[in-house]
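J.: So that you have it, the file is coords10.json, and it contains JSON, C-alpha atoms:
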```json
[["chain", "number", "residue", "atom", "x", "y", "z"],
["K", 1, "MET", "CA", 111.79, 81.67, 96.98],
["K", 2, "ALA", "CA", 112.34, 80.21, 100.40],
["K", 3, "GLU", "CA", 111.83, 83.29, 102.57],
["K", 4, "SER", "CA", 109.06, 85.76, 103.25],
["K", 5, "ILE", "CA", 108.84, 88.87, 101.10],
["K", 6, "THR", "CA", 107.91, 92.37, 102.25],
["K", 7, "GLU", "CA", 107.75, 95.57, 100.26],
["K", 8, "GLN", "CA", 107.60, 99.17, 101.46],
["K", 9, "ARG", "CA", 104.38, 101.07, 100.80],
["K", 10, "LEU", "CA", 104.42, 104.67, 99.59],
["K", 11, "THR", "CA", 102.99, 105.72, 102.95],
["K", 12, "GLY", "CA", 106.00, 104.25, 104.72],
["K", 13, "GLU", "CA", 104.06, 101.29, 106.10],
["K", 14, "SER", "CA", 105.40, 97.89, 105.24],
["K", 15, "ALA", "CA", 103.33, 95.10, 103.77],
["K", 16, "PRO", "CA", 102.86, 92.03, 105.91],
["K", 17, "ALA", "CA", 105.50, 89.32, 105.76],
["K", 18, "LEU", "CA", 103.86, 86.72, 103.55],
["K", 19, "ASP", "CA", 105.28, 83.27, 102.94],
["K", 20, "LEU", "CA", 105.21, 82.93, 99.15],
["K", 21, "THR", "CA", 107.06, 79.62, 99.06],
["K", 22, "ASP", "CA", 104.16, 77.34, 98.12],
["K", 23, "VAL", "CA", 101.60, 79.73, 96.65],
["K", 24, "GLU", "CA", 99.91, 79.01, 93.33],
["K", 25, "TRP", "CA", 101.11, 81.64, 90.86],
["K", 26, "GLN", "CA", 98.75, 82.48, 88.00],
["K", 27, "SER", "CA", 99.74, 83.80, 84.58],
["K", 28, "SER", "CA", 97.63, 85.61, 82.03],
["K", 29, "SER", "CA", 94.79, 83.50, 80.69],
["K", 30, "GLN", "CA", 96.21, 84.20, 77.23],
["K", 31, "GLY", "CA", 99.69, 83.08, 78.23],
["K", 32, "VAL", "CA", 101.16, 86.41, 77.16],
["K", 33, "GLY", "CA", 103.67, 88.33, 79.25],
["K", 34, "ASP", "CA", 105.76, 87.59, 82.27],
["K", 35, "VAL", "CA", 103.55, 88.88, 85.08],
["K", 36, "GLN", "CA", 102.25, 86.36, 87.59],
["K", 37, "ILE", "CA", 99.89, 86.94, 90.51],
["K", 38, "ALA", "CA", 98.94, 84.98, 93.60],
["K", 39, "PHE", "CA", 96.23, 85.52, 96.19],
["K", 40, "VAL", "CA", 97.70, 85.09, 99.68],
["K", 41, "GLU", "CA", 96.04, 85.75, 103.04],
["K", 42, "GLY", "CA", 93.79, 88.51, 101.69],
["K", 43, "TYR", "CA", 96.57, 90.19, 99.69],
["K", 44, "ILE", "CA", 97.66, 90.03, 96.07],
["K", 45, "ALA", "CA", 101.29, 89.29, 95.24],
["K", 46, "MET", "CA", 102.68, 90.12, 91.79],
["K", 47, "ARG", "CA", 106.02, 89.00, 90.37],
["K", 48, "ASN", "CA", 108.02, 88.69, 87.18],
["K", 49, "GLY", "CA", 107.57, 85.07, 86.09],
["K", 50, "ARG", "CA", 110.88, 85.05, 84.23],
["K", 51, "SER", "CA", 112.76, 86.17, 87.35],
["K", 52, "PRO", "CA", 110.84, 84.66, 90.30],
["K", 53, "GLU", "CA", 113.80, 85.22, 92.62],
["K", 54, "ILE", "CA", 113.20, 88.99, 92.50],
["K", 55, "PRO", "CA", 110.94, 90.10, 95.38],
["K", 56, "ALA", "CA", 107.23, 90.24, 94.64],
["K", 57, "LEU", "CA", 105.12, 93.37, 95.02],
["K", 58, "ILE", "CA", 102.37, 93.03, 97.64],
["K", 59, "PHE", "CA", 99.03, 94.83, 97.17],
["K", 60, "THR", "CA", 95.99, 95.25, 99.41],
["K", 61, "PRO", "CA", 92.69, 94.57, 97.62],
["K", 62, "ALA", "CA", 92.08, 98.35, 97.32],
["K", 63, "GLU", "CA", 95.57, 98.93, 95.87],
["K", 64, "TRP", "CA", 95.10, 96.04, 93.44],
["K", 65, "ARG", "CA", 91.74, 97.41, 92.28],
["K", 66, "ALA", "CA", 93.27, 100.86, 91.68],
["K", 67, "PHE", "CA", 96.15, 99.27, 89.76],
["K", 68, "VAL", "CA", 93.86, 97.16, 87.55],
["K", 69, "LEU", "CA", 91.52, 100.07, 86.83],
["K", 70, "GLY", "CA", 94.49, 102.30, 85.98],
["K", 71, "ALA", "CA", 95.91, 99.68, 83.63],
["K", 72, "ARG", "CA", 92.55, 99.27, 81.88],
["K", 73, "GLU", "CA", 92.34, 103.03, 81.38],
["K", 74, "GLY", "CA", 95.86, 103.18, 79.89],
["K", 75, "GLU", "CA", 97.39, 105.02, 82.84],
["K", 76, "PHE", "CA", 100.62, 103.02, 82.53],
["K", 77, "ASP", "CA", 100.88, 103.04, 78.73],
["K", 78, "LEU", "CA", 104.28, 104.57, 78.02],
["K", 79, "THR", "CA", 104.08, 104.32, 74.23]]
```
Mind turning the file's structure into structure tokens?
T.:
Amino acid sequence: MAESITEQRLTGESAPALDLTDVEWQSSSQGVGDVQIAFVEGYIAMRNGRSPEIPALIFTPAEWRAFVLGAREGEFDLT
């Protein structure tokens, strides 16, 4: 991933252009799943570890907190 990644926010604002080239990506502590995250310049980047060439999603700390809390409460459980 040699170039900066930006994603559009639902509000129409764009995330900052972050250089994700040399960030330290973290996987689940249990080693399960393909999701990786990185903390970059006060933001949280999330990507598919099996397809790192696909653009990462960029979250503010407030967005990340809402996402994590929603996941814990089963908000995204489609089963």
J.: Rounded to one decimal place, report the atom CA of K:Gly74-atom CA of K:Tyr43 distance in Å.
T.: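 Result for atom CA of K:Gly74 versus atom CA of K:Tyr43: 23.7 Å, one decimal.
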J.: Find, counting all atoms listed in the file, the residue in K:Met46, K:Gln30, K:Thr21, K:Glu73 that gets nearest to K:Thr60.
T.: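 Answer, going by the shortest atom-to-atom distance: K:Met46.
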J.: For a quick check of understanding, using all atoms listed in the file, which of K:Pro16, K:Arg65, K:Ser27, K:Ala56 has the smallest distance to K:Glu41?
T.: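 For K:Glu41, the nearest of the candidates is K:Pro16.
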J.: To test the calculation: enclose all listed atoms of stretch 18-30 of chain K in a box whose edges run along x, y and z, add 8 Å on each side, then state centre and edge lengths in Å to one decimal, as JSON.
T.:
```
{"center_x": 100.9, "center_y": 82.0, "center_z": 90.4, "size_x": 28.3, "size_y": 25.4, "size_z": 42.3}
```
J.: Counting all atoms listed in the file, figure out which residue out of K:Leu20, K:Gly70, K:Glu75, K:Ala38 gets nearest to K:Pro55.
T.: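 The shortest atom-to-atom distance to K:Pro55 comes from K:Leu20.
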J.: Kindly indicate which residue among K:Ser51, K:Phe67, K:Ile58, K:Asp22 lies nearest to K:Ile37, using only C-alpha atoms for the distances.
T.: K:Ile58
J.: For atom CA of K:Leu69 and atom CA of K:Ile54, quote the distance in Å rounded to one decimal.
T.: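 Calculated distance between atom CA of K:Leu69 and atom CA of K:Ile54 is 25.0 Å.
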J.: What is the atom CA of K:Ala62 to atom CA of K:Gly42 distance in Å?
T.: 10.9 Å
J.: When distances are computed from only C-alpha atoms, which of K:Ile44, K:Trp25, K:Leu18, K:Pro52 shows the smallest separation from K:Val68?
T.: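 With only C-alpha atoms as the atom set, the closest residue is K:Ile44.
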